[in-house]
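I have placed the structure first, in the form of structure tokens, so that the comments after it can refer back to it.
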Amino acid sequence: MELAEVARRLELESLYTEYAAALGADRLEDWPEFFTDDCHYRVTSAENYDSGLPLGLIYATSKNMLRDRVSALREANVYEPQRYRHLISGIRLTHPSAPPPLAGEGGVGAAEALDLEANFLVVRTMQDGGMILFAVGRYVDRAVRTDAGWKFASKIVVLDGRQIDTLLAIPI
Amino acid sequence: MELAEVARRLELESLYTEYAAALGADRLEDWPEFFTDDCHYRVTSAENYDSGLPLGLIYATSKNMLRDRVSALREANVYEPQRYRHLISGIRLTHPSAPPPLAGEGGVGAAEALDLEANFLVVRTMQDGGMILFAVGRYVDRAVRTDAGWKFASKIVVLDGRQIDTLLAIPI
Amino acid sequence: MELAEVARRLELESLYTEYAAALGADRLEDWPEFFTDDCHYRVTSAENYDSGLPLGLIYATSKNMLRDRVSALREANVYEPQRYRHLISGIRLTHPSAPPPLAGEGGVGAAEALDLEANFLVVRTMQDGGMILFAVGRYVDRAVRTDAGWKFASKIVVLDGRQIDTLLAIPI
């Protein structure tokens, strides 16, 4: 293993770590900044994902759609402060030998792109201190290296459960 | 810290990451492949482990026994799809200065062997979307470097709880 | 990224990993040893922390105070064996460009100091095997490099919940 590969792994870990920190601190406005402009973001169930069904409850195809979602959440959730703590582990390259660039990423000489997966667990804490397991599953992601560091070109949130609570309209 | 040591740490992290990913994806048939042929695998309680009691509910002394267990699970669990998400963290060398090889591993010149521990948390998701803490505890492991990469020569699953549910017959 | 930076990140990860392992194994007497002599340790709620309120239910300003707390816990908790499993993830430098040394740490030429945050989840297992989410939140820490390795000069345990159970008198 070369130092460059080690560095890349740590950089990718940082991408997830900063992502989890932003959501844990309710910095929702920072959330779209983890994505590329023409990103794909989706929340779906494992059952739907395994069946190849393309749609989920939440579906966005650009950073601007993510920003719209954040605005909608800010307008809607004015009363009950809740906290969502993300624990992410098991980050792994599923396509370690650099895959070809995504369509739209620019062809030869374009950004380095990597397919990744990771496990996540989200705990919701209500204001009375009660804690519940809110969501658990895995991320199926594509990250690309941009001038501003690694970004998610695609993030599919695959929930282990079949049912998707409407509360899952929050970023996972 | 030398680059070789850094690389080894990342390789060992990958061992756990791939292990968790296989179990999370219900790829049970891949599970025995994380072990050496003459591996030791055991699930026990912290109380039994601390008392030095050697036996657990689940006890295997070869990769073939692990394969048999998987076959049995596949035959038994035909109806209720459940998902088990493993979050593993805190991987640490408990024997950082390479310990002597295991008996059966070949003596001088044999595979590099390392003692490791890690914390795990397993969340079970039922088909209705309900999630429960299924198991929590630590792994007490020995990993050896083989021609096919790092494998578990020994894995003791030490559950924090005293009681072991029969459902724990699934790989942890 | 230089090898020295990679090594430092892995060393800091080890600090958290050993910390979690000590608490998970009920080695409370080892707990104060993760701190500097004049450390600051505090458990507080996110609400209090965000409001800038300095006090928490638990407040210590030296390693000796941590030792006193451990002694008190050992005297009080003689009956019910419980286990607390810490899962720590998302360790990140919040002050990556080495901040100035802490007052009391010695000025120019003093120990290297770093500001860090990490997410934690603590699961409590009762003797009957029942598991509950005991605490979730983030650490807001300062670590300094000493002759005996990295130590916490400051650790603020910021719980996501508002209420702090008296049981939280245990180290988190």
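Just remember, in the structure tokens the first chain shown is A, the second B, etc., residues are 1-based per chain, and ligands are 1-based in the order shown.
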Would you kindly return, as a list of chain:residue names, each protein, DNA or RNA residue with an atom no farther than 7 Å from any atom of segment 37-47 of chain C, considering only C-alpha atoms and excluding same-chain residues fewer than 2 positions away?
C:Phe35, C:Tyr49, C:Asp50, C:Ser51, C:Gly56, C:Leu57, C:Ile58, C:Tyr59, C:Ala60, C:Thr61, C:Ser62, C:Lys63, C:Phe152, C:Ala153, C:Ser154, C:Lys155, C:Ile156, C:Val157, C:Val158, C:Leu159, C:Asp160, C:Gly161, C:Arg162
12 Å contacts from chain A to chain B using only C-alpha atoms, as an MDAnalysis selection string:
chainID A and resid 1:10 13 45:47 49:50 86:94 116:123 132:140 158:165
Take the residues from that selection and write them out as a tab-separated table (two decimals), in the first residue's frame, keeping N, CA and C atoms.
chain	number	residue	atom	x	y	z
A	1	MET	N	0.84	-1.20	0.00
A	1	MET	CA	0.00	0.00	0.00
A	1	MET	C	0.88	1.25	0.00
A	2	GLU	N	0.61	2.11	-0.94
A	2	GLU	CA	1.39	3.34	-1.06
A	2	GLU	C	0.81	4.41	-0.14
A	3	LEU	N	1.64	5.40	0.15
A	3	LEU	CA	1.17	6.49	1.00
A	3	LEU	C	-0.02	7.21	0.37
A	4	ALA	N	0.00	7.31	-0.96
A	4	ALA	CA	-1.11	8.00	-1.64
A	4	ALA	C	-2.43	7.26	-1.41
A	5	GLU	N	-2.37	5.93	-1.38
A	5	GLU	CA	-3.60	5.17	-1.16
A	5	GLU	C	-4.08	5.33	0.29
A	6	VAL	N	-3.13	5.31	1.21
A	6	VAL	CA	-3.47	5.53	2.62
A	6	VAL	C	-4.14	6.89	2.78
A	7	ALA	N	-3.53	7.89	2.17
A	7	ALA	CA	-4.06	9.26	2.28
A	7	ALA	C	-5.47	9.32	1.72
A	8	ARG	N	-5.69	8.65	0.60
A	8	ARG	CA	-7.02	8.67	-0.01
A	8	ARG	C	-8.06	8.03	0.91
A	9	ARG	N	-7.68	6.93	1.53
A	9	ARG	CA	-8.62	6.29	2.46
A	9	ARG	C	-8.97	7.20	3.61
A	10	LEU	N	-7.99	7.89	4.14
A	10	LEU	CA	-8.27	8.80	5.26
A	10	LEU	C	-9.10	10.00	4.81
A	13	GLU	N	-12.62	8.75	4.59
A	13	GLU	CA	-13.16	8.66	5.95
A	13	GLU	C	-13.59	10.03	6.44
A	45	SER	N	-35.67	1.51	0.57
A	45	SER	CA	-35.58	0.34	1.45
A	45	SER	C	-34.69	-0.71	0.80
A	46	ALA	N	-34.16	-1.59	1.62
A	46	ALA	CA	-33.31	-2.67	1.11
A	46	ALA	C	-34.11	-3.53	0.12
A	47	GLU	N	-35.38	-3.73	0.45
A	47	GLU	CA	-36.21	-4.56	-0.43
A	47	GLU	C	-36.34	-3.93	-1.82
A	49	TYR	N	-34.36	-1.67	-3.10
A	49	TYR	CA	-33.04	-1.57	-3.71
A	49	TYR	C	-32.65	-2.91	-4.34
A	50	ASP	N	-32.87	-3.98	-3.58
A	50	ASP	CA	-32.48	-5.30	-4.08
A	50	ASP	C	-33.32	-5.70	-5.30
A	86	HIS	N	-25.50	10.44	13.98
A	86	HIS	CA	-25.12	9.44	12.97
A	86	HIS	C	-23.84	8.73	13.40
A	87	LEU	N	-23.90	7.43	13.46
A	87	LEU	CA	-22.67	6.65	13.61
A	87	LEU	C	-22.45	5.89	12.31
A	88	ILE	N	-21.33	6.15	11.71
A	88	ILE	CA	-21.01	5.54	10.42
A	88	ILE	C	-19.78	4.69	10.61
A	89	SER	N	-19.83	3.47	10.13
A	89	SER	CA	-18.65	2.61	10.24
A	89	SER	C	-18.58	1.68	9.05
A	90	GLY	N	-17.46	1.03	8.91
A	90	GLY	CA	-17.34	0.06	7.85
A	90	GLY	C	-17.29	0.66	6.46
A	91	ILE	N	-16.63	1.79	6.34
A	91	ILE	CA	-16.48	2.40	5.02
A	91	ILE	C	-15.57	1.53	4.17
A	92	ARG	N	-16.01	1.22	2.97
A	92	ARG	CA	-15.19	0.35	2.14
A	92	ARG	C	-15.36	0.68	0.67
A	93	LEU	N	-14.29	0.51	-0.05
A	93	LEU	CA	-14.33	0.69	-1.49
A	93	LEU	C	-14.92	-0.57	-2.09
A	94	THR	N	-15.96	-0.40	-2.91
A	94	THR	CA	-16.49	-1.57	-3.60
A	94	THR	C	-15.95	-1.62	-5.02
A	116	LEU	N	-18.28	3.39	-3.11
A	116	LEU	CA	-18.09	3.14	-1.70
A	116	LEU	C	-19.37	2.64	-1.06
A	117	GLU	N	-19.22	1.90	0.01
A	117	GLU	CA	-20.36	1.59	0.86
A	117	GLU	C	-19.97	1.83	2.33
A	118	ALA	N	-20.95	2.05	3.16
A	118	ALA	CA	-20.68	2.20	4.59
A	118	ALA	C	-21.95	1.86	5.34
A	119	ASN	N	-21.81	1.41	6.58
A	119	ASN	CA	-22.96	1.16	7.43
A	119	ASN	C	-23.26	2.41	8.25
A	120	PHE	N	-24.54	2.64	8.48
A	120	PHE	CA	-24.89	3.78	9.34
A	120	PHE	C	-25.95	3.37	10.35
A	121	LEU	N	-25.96	4.11	11.43
A	121	LEU	CA	-26.96	3.98	12.48
A	121	LEU	C	-27.29	5.39	12.92
A	122	VAL	N	-28.57	5.71	12.95
A	122	VAL	CA	-28.98	7.04	13.39
A	122	VAL	C	-29.84	6.91	14.64
A	123	VAL	N	-29.44	7.59	15.69
A	123	VAL	CA	-30.21	7.60	16.93
A	123	VAL	C	-30.88	8.96	17.06
A	132	ILE	N	-34.20	6.75	20.53
A	132	ILE	CA	-34.66	5.60	19.76
A	132	ILE	C	-33.73	5.37	18.57
A	133	LEU	N	-33.68	4.11	18.16
A	133	LEU	CA	-33.03	3.77	16.91
A	133	LEU	C	-33.92	4.33	15.81
A	134	PHE	N	-33.40	5.26	15.05
A	134	PHE	CA	-34.24	5.94	14.06
A	134	PHE	C	-34.09	5.33	12.68
A	135	ALA	N	-32.88	4.99	12.33
A	135	ALA	CA	-32.64	4.41	11.01
A	135	ALA	C	-31.34	3.63	11.05
A	136	VAL	N	-31.32	2.53	10.33
A	136	VAL	CA	-30.11	1.73	10.22
A	136	VAL	C	-30.06	1.15	8.83
A	137	GLY	N	-28.87	1.04	8.29
A	137	GLY	CA	-28.74	0.52	6.94
A	137	GLY	C	-27.36	0.80	6.40
A	138	ARG	N	-27.30	0.93	5.09
A	138	ARG	CA	-26.01	1.20	4.48
A	138	ARG	C	-26.14	2.27	3.41
A	139	TYR	N	-25.04	2.95	3.21
A	139	TYR	CA	-24.92	3.89	2.11
A	139	TYR	C	-24.31	3.16	0.92
A	140	VAL	N	-24.85	3.42	-0.26
A	140	VAL	CA	-24.24	2.96	-1.52
A	140	VAL	C	-23.90	4.23	-2.28
A	158	VAL	N	-29.82	3.10	1.82
A	158	VAL	CA	-30.58	1.86	1.77
A	158	VAL	C	-30.93	1.45	3.19
A	159	LEU	N	-32.19	1.67	3.56
A	159	LEU	CA	-32.65	1.35	4.91
A	159	LEU	C	-32.90	-0.14	5.05
A	160	ASP	N	-32.52	-0.70	6.19
A	160	ASP	CA	-32.75	-2.13	6.39
A	160	ASP	C	-34.24	-2.45	6.45
A	161	GLY	N	-35.05	-1.54	6.94
A	161	GLY	CA	-36.47	-1.80	7.09
A	161	GLY	C	-37.24	-1.61	5.80
A	162	ARG	N	-38.43	-2.14	5.77
A	162	ARG	CA	-39.24	-2.03	4.56
A	162	ARG	C	-40.01	-0.73	4.55
A	163	GLN	N	-40.50	-0.36	5.71
A	163	GLN	CA	-41.31	0.84	5.78
A	163	GLN	C	-40.42	2.06	5.95
A	164	ILE	N	-40.81	3.12	5.29
A	164	ILE	CA	-40.07	4.35	5.42
A	164	ILE	C	-40.98	5.39	6.06
A	165	ASP	N	-40.60	5.78	7.22
A	165	ASP	CA	-41.37	6.75	7.98
A	165	ASP	C	-41.27	8.10	7.27
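Reported to one decimal place, the separation of atom CA of Ala113 of chain C from atom CA of Gly149 of chain C is 11.8 Å.
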DSSP on the backbone: which residues in chain C end up as helix (DSSP H, G or I)? Give the answer as a PyMOL selection string.
chain C and resi 3-24+28-34+46-50+63-76+166-169
Restricting the output to C-alpha atoms, write the selected residues as a compact mmCIF listing (two decimals), in the first residue's frame.
# COMPACT_ATOMS: atom_id res chain seq x y z
CA LEU C 3 3.27 9.96 6.77
CA ALA C 4 3.63 11.93 10.02
CA GLU C 5 0.08 13.24 9.67
CA VAL C 6 -1.25 9.77 8.91
CA ALA C 7 0.53 8.42 11.95
CA ARG C 8 -0.89 11.17 14.13
CA ARG C 9 -4.42 10.39 12.99
CA LEU C 10 -3.97 6.73 13.80
CA GLU C 11 -2.47 7.58 17.18
CA LEU C 12 -5.48 9.76 18.00
CA GLU C 13 -7.83 6.99 16.89
CA SER C 14 -5.99 4.68 19.25
CA LEU C 15 -6.54 7.13 22.10
CA TYR C 16 -10.31 6.81 21.64
CA THR C 17 -10.16 3.10 21.01
CA GLU C 18 -8.24 2.42 24.20
CA TYR C 19 -10.56 4.76 26.09
CA ALA C 20 -13.63 2.85 24.89
CA ALA C 21 -11.98 -0.49 25.63
CA ALA C 22 -11.14 0.50 29.21
CA LEU C 23 -14.70 1.60 29.94
CA GLY C 24 -16.18 -1.42 28.21
CA LEU C 28 -12.49 2.32 35.71
CA GLU C 29 -9.17 2.70 37.52
CA ASP C 30 -7.48 3.15 34.15
CA TRP C 31 -9.88 5.90 33.16
CA PRO C 32 -8.10 8.85 34.84
CA GLU C 33 -4.88 7.80 33.12
CA PHE C 34 -6.30 8.96 29.79
CA ALA C 46 -26.33 19.75 24.10
CA GLU C 47 -28.78 22.44 25.14
CA ASN C 48 -26.54 23.66 27.96
CA TYR C 49 -23.44 23.39 25.84
CA ASP C 50 -24.97 25.35 22.98
CA LYS C 63 -7.04 13.85 37.30
CA ASN C 64 -7.31 13.47 41.07
CA MET C 65 -10.97 14.43 40.93
CA LEU C 66 -11.51 11.72 38.34
CA ARG C 67 -9.81 9.23 40.66
CA ASP C 68 -12.10 10.30 43.50
CA ARG C 69 -15.08 9.71 41.28
CA VAL C 70 -13.92 6.22 40.44
CA SER C 71 -13.44 5.46 44.13
CA ALA C 72 -16.96 6.69 44.87
CA LEU C 73 -18.38 4.56 42.08
CA ARG C 74 -16.59 1.48 43.32
CA GLU C 75 -18.00 1.99 46.80
CA ALA C 76 -21.53 2.66 45.59
CA THR C 166 -27.97 10.41 37.73
CA LEU C 167 -26.65 7.13 36.41
CA LEU C 168 -24.57 9.27 34.13
CA ALA C 169 -22.26 9.71 37.09
Which residue, A:Arg27, A:Leu53, A:Glu112, A:Pro171, has the smallest gap to Ala143 of chain A when you use only C-alpha atoms?
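Once distances to Ala143 of chain A are computed over only C-alpha atoms, the minimum belongs to A:Glu112.
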Which value, in Å to one decimal, gives the distance between atom CA of Thr36 of chain A and atom CA of Gly52 of chain A?
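One can read the atom CA of Thr36 of chain A to atom CA of Gly52 of chain A distance as 23.8 Å.
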